[in-house]
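Student: Please read through the structure below; I'll follow up with questions.
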Amino acid sequence: MARTIAELKKKKIGVLMGGVSEEREISLKTGRSVASTLRSAGYRVSSIDAGADLATRLRRSRIDVAFIALHGRLGEDGCVQGLLEVMGIPYTGSKVLSSALCMDKAEAKKILAFHGIKTPRWRIVERREEADGLGLPLVIKPVSGGSAIGASIVKNRAAIGRAIARAGRSGRRVMAEGFISGRELTVGVLDSVALPVVEILPKRGFYDFAAKYTKGGCEFEVPARLTPAQEKRVTDSALASCAALGCTGAARVDVILSGRGAAYVIEVNTIPGMTGLSLLPMAAEAAGIDYLSLIERILLGAGCAGGAGQGGAIN
Ligand SMILES: Nc1ncnc2c1ncn2[C@@H]1O[C@H](COP(=O)(O)OP(=O)(O)O)[C@@H](O)[C@H]1O
Ligand SMILES: [Mg+2]
């Protein structure tokens with residue numbers, strides 16, 4: 001793939017967006033924003049909606065590299081990455097296995113635990129009794145969700161069953177996780193380097209779908225006000241998580257810094273949002289990397305697992 005911006009400028013870039021997941025609308029926002037920024041900078045760009053005919057569209061568009069701006073099922077979970085591997089088209093971000101692992105919060109947490117990275121205790125649950133022993137409050141959420149869709153905090157045992165049913169809609173596996181009370185942080189990681197930590201200060205106590213995507217739903221502090229020791233703990237956890245899960249390119253790690261000062265990794269996002277309100281561009285900006293430069297950096301890291309991709313612990 002391209003090693004310099006000059007080489008990148010000669011490539012035809014496909015921005016894969018939309019898709020079929022619940023996060024389609026967010027993905028379209030990310031994709032449109034990425035595509036228009038690249039076009040304004042003089043790149044040749046093809047916007048591609050990643051539906052069932054994706055293979056045909058990819059073949060017809062004759063792109064040299066794919067910028068994957070998809071979130072959720074069939075976009076962020078290794079499936080589209082696998083298709084691009086088969087077609088030999090270099091693509092941005094994590095490779096097949098890393099994408100699939102990070103999309104499944106329970107599998108990702110097993111790997112984190114194996115590497116001694118702190119993550120809240122959890123269990124896969126189908127019935128209320130299976131959450132016994134985890135304590136309260138709990139967060140009940142789909143194993144492969146996104147954008148906090150279907151997630152809820154339960155404070156009493158009686159509410160667990162309903163929360164499981166809500167999270168388990170459309171046949172999704174559900175996990176119960178110990179609720180960590182603390183500061184909500186997120187760490188953008190770009191090519192194995194941590195960006196300044198962002199603190200999310202939701203106005204209503206829980207960073208839910210509405211708070212995330214409504215202007216003014218949250219406030220942000222970048223860089224987060226942390227002591228050097230806290231910052232190191234949070235950043236080290238994020239980098240260790242990405243290394244353990246084999247993430248490449250850009251990723252974003254959600255961390256809660258507990259009242260006692262422990263950094264708990266909640267999840268690793270392999271395709272962080274890139275809309276105007278998104279956290280990764282915000283973190284990059286604080287590091288002096290503007291939006292276009294961030295997109296270019298991500299594109300320069302594109303590859304296939306067997307080809308020009310950068311290796312991680314897992315590829
Ligand atoms: N164990 C937990 N303790 C406290 N808050 C949590 C926990 N798990 C999730 N949350 C809250 O729910 C939000 C969404 O959960 P997350 O696991 O990041 O899923 P998503 O993929 O939907 O972003 C988090 O940003 C956080 O505010
Ligand atoms: Mg999250």
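Chain lettering (A, B, ...) mirrors the order of the structure tokens, residue numbering begins at 1 for each chain separately, and ligand numbering begins at 1 in order of display.
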Counting only C-alpha atoms and all ligand atoms, what residues are within 8 Å of ligand 1, given as an MDAnalysis selection string?

Tutor: chainID A and resid 105 120 138:141 144:153 177:182 184 206:209 254 256 266:267 269

Student: Could you pull out all residues of stretch 86-291 of chain A with a DSSP call of helix (DSSP H, G or I) and give them as a ChimeraX atom specification?

Tutor: /A:86-87,96-103,105-114,128-131,157-167,169-171,209-213,228-245,279-286,291

Student: When you look at A:Leu239 with a cut-off of 8 Å (counting only C-alpha atoms), what residues show up, excluding the ones that are within fewer than 5 positions of it in the same chain? I need them as an NGL selection string.

Tutor: :A and (189 or 192-194)

Student: Neighbouring residues of A:Asn156 were defined as those with any atom within 10 Å, considering only C-alpha atoms; residues of the same chain fewer than 5 positions away were excluded. Please report them as JSON, numbers by chain.

Tutor: {"A": [135, 136, 137, 138]}

Student: Skipping near chain neighbours, those fewer than 6 positions away, what residues fall within 7 Å of A:Gly78 using only C-alpha atoms, listed as JSON, numbers by chain?

Tutor: {"A": [95, 96, 97, 99, 100]}

Student: Using only C-alpha atoms, can you tell me which of A:Cys304, A:Leu190, A:Val34, A:Val20 comes closest to A:Gly72?

Tutor: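 Counting only C-alpha atoms, the residue closest to A:Gly72 is A:Val20.
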
Student: Kindly indicate which residue among A:Leu292, A:Leu257, A:Met103, A:Cys79 lies nearest to ligand 2, using only C-alpha atoms and all ligand atoms for the distances.

Tutor: A:Met103

Student: Give me the residues within 10 Å of A:Gly301 as a PDB file with all heavy atoms, in the first residue's frame, counting only C-alpha atoms and dropping any in the same chain fewer than 3 places off.

Tutor:
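Once written, out12.pdb looks like this:
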ATOM      1  N   MET A   1       0.835  -1.210   0.000  1.00  0.00           N
ATOM      2  CA  MET A   1       0.000   0.000   0.000  1.00  0.00           C
ATOM      3  C   MET A   1       0.863   1.252   0.000  1.00  0.00           C
ATOM      4  O   MET A   1       2.072   1.188   0.084  1.00  0.00           O
ATOM      5  CB  MET A   1      -0.916  -0.021   1.234  1.00  0.00           C
ATOM      6  CG  MET A   1      -2.378  -0.206   0.887  1.00  0.00           C
ATOM      7  SD  MET A   1      -3.005   1.010  -0.297  1.00  0.00           S
ATOM      8  CE  MET A   1      -3.064   2.514   0.698  1.00  0.00           C
ATOM      9  N   ALA A   2       0.182   2.377  -0.067  1.00  0.00           N
ATOM     10  CA  ALA A   2       0.893   3.658  -0.120  1.00  0.00           C
ATOM     11  C   ALA A   2       1.732   3.870   1.134  1.00  0.00           C
ATOM     12  O   ALA A   2       1.308   3.563   2.242  1.00  0.00           O
ATOM     13  CB  ALA A   2      -0.132   4.784  -0.247  1.00  0.00           C
ATOM     14  N   ARG A   3       2.966   4.368   0.943  1.00  0.00           N
ATOM     15  CA  ARG A   3       3.807   4.655   2.112  1.00  0.00           C
ATOM     16  C   ARG A   3       3.869   6.151   2.408  1.00  0.00           C
ATOM     17  O   ARG A   3       4.238   6.567   3.483  1.00  0.00           O
ATOM     18  CB  ARG A   3       5.214   4.086   1.894  1.00  0.00           C
ATOM     19  CG  ARG A   3       5.419   2.785   2.676  1.00  0.00           C
ATOM     20  CD  ARG A   3       6.611   2.037   2.187  1.00  0.00           C
ATOM     21  NE  ARG A   3       6.351   1.493   0.860  1.00  0.00           N
ATOM     22  CZ  ARG A   3       7.278   1.244  -0.046  1.00  0.00           C
ATOM     23  NH1 ARG A   3       8.533   1.507   0.197  1.00  0.00           N
ATOM     24  NH2 ARG A   3       6.960   0.724  -1.216  1.00  0.00           N
ATOM     25  N   PRO A  90      -6.509  -3.959  -0.015  1.00  0.00           N
ATOM     26  CA  PRO A  90      -6.053  -3.494   1.300  1.00  0.00           C
ATOM     27  C   PRO A  90      -7.140  -2.663   1.975  1.00  0.00           C
ATOM     28  O   PRO A  90      -7.866  -1.923   1.308  1.00  0.00           O
ATOM     29  CB  PRO A  90      -4.834  -2.611   0.978  1.00  0.00           C
ATOM     30  CG  PRO A  90      -4.481  -2.881  -0.433  1.00  0.00           C
ATOM     31  CD  PRO A  90      -5.702  -3.412  -1.119  1.00  0.00           C
ATOM     32  N   TYR A  91      -7.240  -2.806   3.291  1.00  0.00           N
ATOM     33  CA  TYR A  91      -8.294  -2.096   4.028  1.00  0.00           C
ATOM     34  C   TYR A  91      -7.749  -1.542   5.336  1.00  0.00           C
ATOM     35  O   TYR A  91      -6.736  -2.001   5.852  1.00  0.00           O
ATOM     36  CB  TYR A  91      -9.488  -3.030   4.289  1.00  0.00           C
ATOM     37  CG  TYR A  91      -9.144  -4.300   5.031  1.00  0.00           C
ATOM     38  CD1 TYR A  91      -9.252  -4.378   6.411  1.00  0.00           C
ATOM     39  CD2 TYR A  91      -8.698  -5.430   4.333  1.00  0.00           C
ATOM     40  CE1 TYR A  91      -8.924  -5.548   7.095  1.00  0.00           C
ATOM     41  CE2 TYR A  91      -8.370  -6.593   5.000  1.00  0.00           C
ATOM     42  CZ  TYR A  91      -8.482  -6.652   6.378  1.00  0.00           C
ATOM     43  OH  TYR A  91      -8.149  -7.810   7.050  1.00  0.00           O
ATOM     44  N   THR A  92      -8.465  -0.553   5.851  1.00  0.00           N
ATOM     45  CA  THR A  92      -8.024   0.141   7.064  1.00  0.00           C
ATOM     46  C   THR A  92      -8.406  -0.656   8.319  1.00  0.00           C
ATOM     47  O   THR A  92      -9.346  -1.447   8.308  1.00  0.00           O
ATOM     48  CB  THR A  92      -8.700   1.521   7.156  1.00  0.00           C
ATOM     49  OG1 THR A  92     -10.126   1.343   7.047  1.00  0.00           O
ATOM     50  CG2 THR A  92      -8.223   2.451   6.063  1.00  0.00           C
ATOM     51  N   GLY A  93      -7.667  -0.412   9.363  1.00  0.00           N
ATOM     52  CA  GLY A  93      -8.042  -0.934  10.682  1.00  0.00           C
ATOM     53  C   GLY A  93      -7.606  -2.354  10.936  1.00  0.00           C
ATOM     54  O   GLY A  93      -6.730  -2.897  10.263  1.00  0.00           O
ATOM     55  N   SER A  94      -8.280  -2.950  11.921  1.00  0.00           N
ATOM     56  CA  SER A  94      -7.904  -4.273  12.383  1.00  0.00           C
ATOM     57  C   SER A  94      -8.240  -5.346  11.356  1.00  0.00           C
ATOM     58  O   SER A  94      -9.130  -5.178  10.534  1.00  0.00           O
ATOM     59  CB  SER A  94      -8.606  -4.564  13.710  1.00  0.00           C
ATOM     60  OG  SER A  94      -8.081  -3.704  14.698  1.00  0.00           O
ATOM     61  N   LEU A 190      -3.711   5.045  17.955  1.00  0.00           N
ATOM     62  CA  LEU A 190      -3.407   5.159  16.528  1.00  0.00           C
ATOM     63  C   LEU A 190      -2.034   4.537  16.293  1.00  0.00           C
ATOM     64  O   LEU A 190      -1.035   5.008  16.845  1.00  0.00           O
ATOM     65  CB  LEU A 190      -3.413   6.650  16.136  1.00  0.00           C
ATOM     66  CG  LEU A 190      -3.272   6.993  14.663  1.00  0.00           C
ATOM     67  CD1 LEU A 190      -4.334   6.324  13.814  1.00  0.00           C
ATOM     68  CD2 LEU A 190      -3.335   8.518  14.480  1.00  0.00           C
ATOM     69  N   ASP A 191      -2.005   3.472  15.504  1.00  0.00           N
ATOM     70  CA  ASP A 191      -0.751   2.759  15.233  1.00  0.00           C
ATOM     71  C   ASP A 191       0.017   2.479  16.523  1.00  0.00           C
ATOM     72  O   ASP A 191       1.210   2.801  16.643  1.00  0.00           O
ATOM     73  CB  ASP A 191       0.112   3.555  14.248  1.00  0.00           C
ATOM     74  CG  ASP A 191      -0.607   3.785  12.924  1.00  0.00           C
ATOM     75  OD1 ASP A 191      -1.466   2.950  12.561  1.00  0.00           O
ATOM     76  OD2 ASP A 191      -0.338   4.802  12.254  1.00  0.00           O
ATOM     77  N   THR A 248      -4.985  -3.143  14.837  1.00  0.00           N
ATOM     78  CA  THR A 248      -4.062  -2.345  14.026  1.00  0.00           C
ATOM     79  C   THR A 248      -4.789  -1.101  13.527  1.00  0.00           C
ATOM     80  O   THR A 248      -6.024  -1.066  13.479  1.00  0.00           O
ATOM     81  CB  THR A 248      -3.530  -3.161  12.824  1.00  0.00           C
ATOM     82  OG1 THR A 248      -4.617  -3.840  12.208  1.00  0.00           O
ATOM     83  CG2 THR A 248      -2.499  -4.183  13.260  1.00  0.00           C
ATOM     84  N   GLY A 249      -4.012  -0.095  13.150  1.00  0.00           N
ATOM     85  CA  GLY A 249      -4.607   1.156  12.664  1.00  0.00           C
ATOM     86  C   GLY A 249      -5.175   1.939  13.826  1.00  0.00           C
ATOM     87  O   GLY A 249      -4.526   2.096  14.856  1.00  0.00           O
ATOM     88  N   ALA A 250      -6.420   2.400  13.671  1.00  0.00           N
ATOM     89  CA  ALA A 250      -7.046   3.179  14.740  1.00  0.00           C
ATOM     90  C   ALA A 250      -7.981   2.282  15.547  1.00  0.00           C
ATOM     91  O   ALA A 250      -8.640   1.402  15.001  1.00  0.00           O
ATOM     92  CB  ALA A 250      -7.830   4.340  14.159  1.00  0.00           C
ATOM     93  N   GLU A 296      -5.776  10.269   6.730  1.00  0.00           N
ATOM     94  CA  GLU A 296      -4.605   9.868   5.938  1.00  0.00           C
ATOM     95  C   GLU A 296      -3.738   8.870   6.699  1.00  0.00           C
ATOM     96  O   GLU A 296      -3.254   7.891   6.132  1.00  0.00           O
ATOM     97  CB  GLU A 296      -3.792  11.113   5.548  1.00  0.00           C
ATOM     98  CG  GLU A 296      -4.508  11.955   4.494  1.00  0.00           C
ATOM     99  CD  GLU A 296      -3.817  13.287   4.199  1.00  0.00           C
ATOM    100  OE1 GLU A 296      -3.126  13.827   5.102  1.00  0.00           O
ATOM    101  OE2 GLU A 296      -3.972  13.798   3.076  1.00  0.00           O
ATOM    102  N   ARG A 297      -3.563   9.121   7.993  1.00  0.00           N
ATOM    103  CA  ARG A 297      -2.760   8.190   8.806  1.00  0.00           C
ATOM    104  C   ARG A 297      -3.394   6.802   8.802  1.00  0.00           C
ATOM    105  O   ARG A 297      -2.729   5.776   8.702  1.00  0.00           O
ATOM    106  CB  ARG A 297      -2.673   8.699  10.256  1.00  0.00           C
ATOM    107  CG  ARG A 297      -1.746   9.880  10.454  1.00  0.00           C
ATOM    108  CD  ARG A 297      -0.322   9.415  10.722  1.00  0.00           C
ATOM    109  NE  ARG A 297      -0.192   8.708  11.994  1.00  0.00           N
ATOM    110  CZ  ARG A 297       0.076   9.305  13.158  1.00  0.00           C
ATOM    111  NH1 ARG A 297       0.289  10.614  13.194  1.00  0.00           N
ATOM    112  NH2 ARG A 297       0.173   8.601  14.252  1.00  0.00           N
ATOM    113  N   ILE A 298      -4.724   6.775   8.925  1.00  0.00           N
ATOM    114  CA  ILE A 298      -5.435   5.491   8.943  1.00  0.00           C
ATOM    115  C   ILE A 298      -5.267   4.788   7.590  1.00  0.00           C
ATOM    116  O   ILE A 298      -5.013   3.590   7.521  1.00  0.00           O
ATOM    117  CB  ILE A 298      -6.932   5.705   9.304  1.00  0.00           C
ATOM    118  CG1 ILE A 298      -7.047   6.201  10.761  1.00  0.00           C
ATOM    119  CG2 ILE A 298      -7.742   4.440   9.096  1.00  0.00           C
ATOM    120  CD1 ILE A 298      -8.452   6.618  11.194  1.00  0.00           C
ATOM    121  N   ALA A 308       0.478  -6.083   3.129  1.00  0.00           N
ATOM    122  CA  ALA A 308       1.136  -4.887   3.669  1.00  0.00           C
ATOM    123  C   ALA A 308       0.659  -4.462   5.056  1.00  0.00           C
ATOM    124  O   ALA A 308       1.075  -3.460   5.565  1.00  0.00           O
ATOM    125  CB  ALA A 308       0.921  -3.732   2.701  1.00  0.00           C
ATOM    126  N   GLY A 309      -0.233  -5.254   5.685  1.00  0.00           N
ATOM    127  CA  GLY A 309      -0.753  -4.856   6.998  1.00  0.00           C
ATOM    128  C   GLY A 309       0.315  -4.865   8.061  1.00  0.00           C
ATOM    129  O   GLY A 309       1.316  -5.554   7.953  1.00  0.00           O
ATOM    130  N   GLN A 310       0.099  -4.075   9.113  1.00  0.00           N
ATOM    131  CA  GLN A 310       1.061  -4.089  10.207  1.00  0.00           C
ATOM    132  C   GLN A 310       0.614  -5.160  11.175  1.00  0.00           C
ATOM    133  O   GLN A 310      -0.543  -5.243  11.520  1.00  0.00           O
ATOM    134  CB  GLN A 310       1.072  -2.741  10.924  1.00  0.00           C
ATOM    135  CG  GLN A 310       1.180  -1.575   9.994  1.00  0.00           C
ATOM    136  CD  GLN A 310       0.414  -0.385  10.561  1.00  0.00           C
ATOM    137  OE1 GLN A 310       0.003  -0.361  11.705  1.00  0.00           O
ATOM    138  NE2 GLN A 310       0.227   0.611   9.717  1.00  0.00           N
TER     139      GLN A 310
END

Student: Name all residues at most 10 Å from stretch 6-16 of chain A (count only C-alpha atoms; drop same-chain ones fewer than 4 positions away) and give them as a PyMOL selection string.

Tutor: chain A and resi 1-2+27-28+30-32+34-35+38-39+41-51+54+58+61-70+75+80+91+296+299-300

Student: Could you pull out the residues in stretch 61-134 of chain A that DSSP calls strand (DSSP E or B) from the backbone, as a PyMOL selection string?

Tutor: chain A and resi 65-68+91+122-124

Student: Could the residues in this selection be written to a file with N, CA and C atoms, as a short mmCIF file (atom, residue, chain, number, x, y, z; two decimals), in the first residue's frame?

Tutor:
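Contents of selection14.cif, as written:
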data_model
loop_
_atom_site.label_atom_id
_atom_site.label_comp_id
_atom_site.auth_asym_id
_atom_site.auth_seq_id
_atom_site.Cartn_x
_atom_site.Cartn_y
_atom_site.Cartn_z
N VAL A 65 -7.87 0.81 -2.38
CA VAL A 65 -7.84 0.65 -0.92
C VAL A 65 -9.23 0.97 -0.38
N ALA A 66 -9.60 0.26 0.69
CA ALA A 66 -10.92 0.48 1.30
C ALA A 66 -10.76 1.14 2.66
N PHE A 67 -11.44 2.26 2.84
CA PHE A 67 -11.54 2.87 4.17
C PHE A 67 -12.84 2.34 4.75
N ILE A 68 -12.76 1.51 5.78
CA ILE A 68 -13.99 0.92 6.32
C ILE A 68 -14.58 1.86 7.37
N TYR A 91 -7.24 -2.81 3.29
CA TYR A 91 -8.29 -2.10 4.03
C TYR A 91 -7.75 -1.54 5.34
N TRP A 122 -17.89 -10.63 34.78
CA TRP A 122 -19.03 -10.75 33.87
C TRP A 122 -19.44 -12.20 33.70
N ARG A 123 -20.56 -12.39 33.09
CA ARG A 123 -21.08 -13.71 32.78
C ARG A 123 -22.07 -13.59 31.63
N ILE A 124 -22.09 -14.63 30.79
CA ILE A 124 -23.14 -14.70 29.76
C ILE A 124 -24.41 -15.13 30.47
#

Student: Using only C-alpha atoms and all ligand atoms for the distances, tell me which of A:Lys232, A:Arg162, A:His71, A:Lys118 is nearest to ligand 2.

Tutor: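 Residue with the minimum atom-to-atom distance to ligand 2: A:His71.
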
Student: Hey, can you check how far atom CA of A:Gly276 sits from atom CA of A:Ala251?

Tutor: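 According to the coordinates, atom CA of A:Gly276 and atom CA of A:Ala251 are separated by 17.0 Å.
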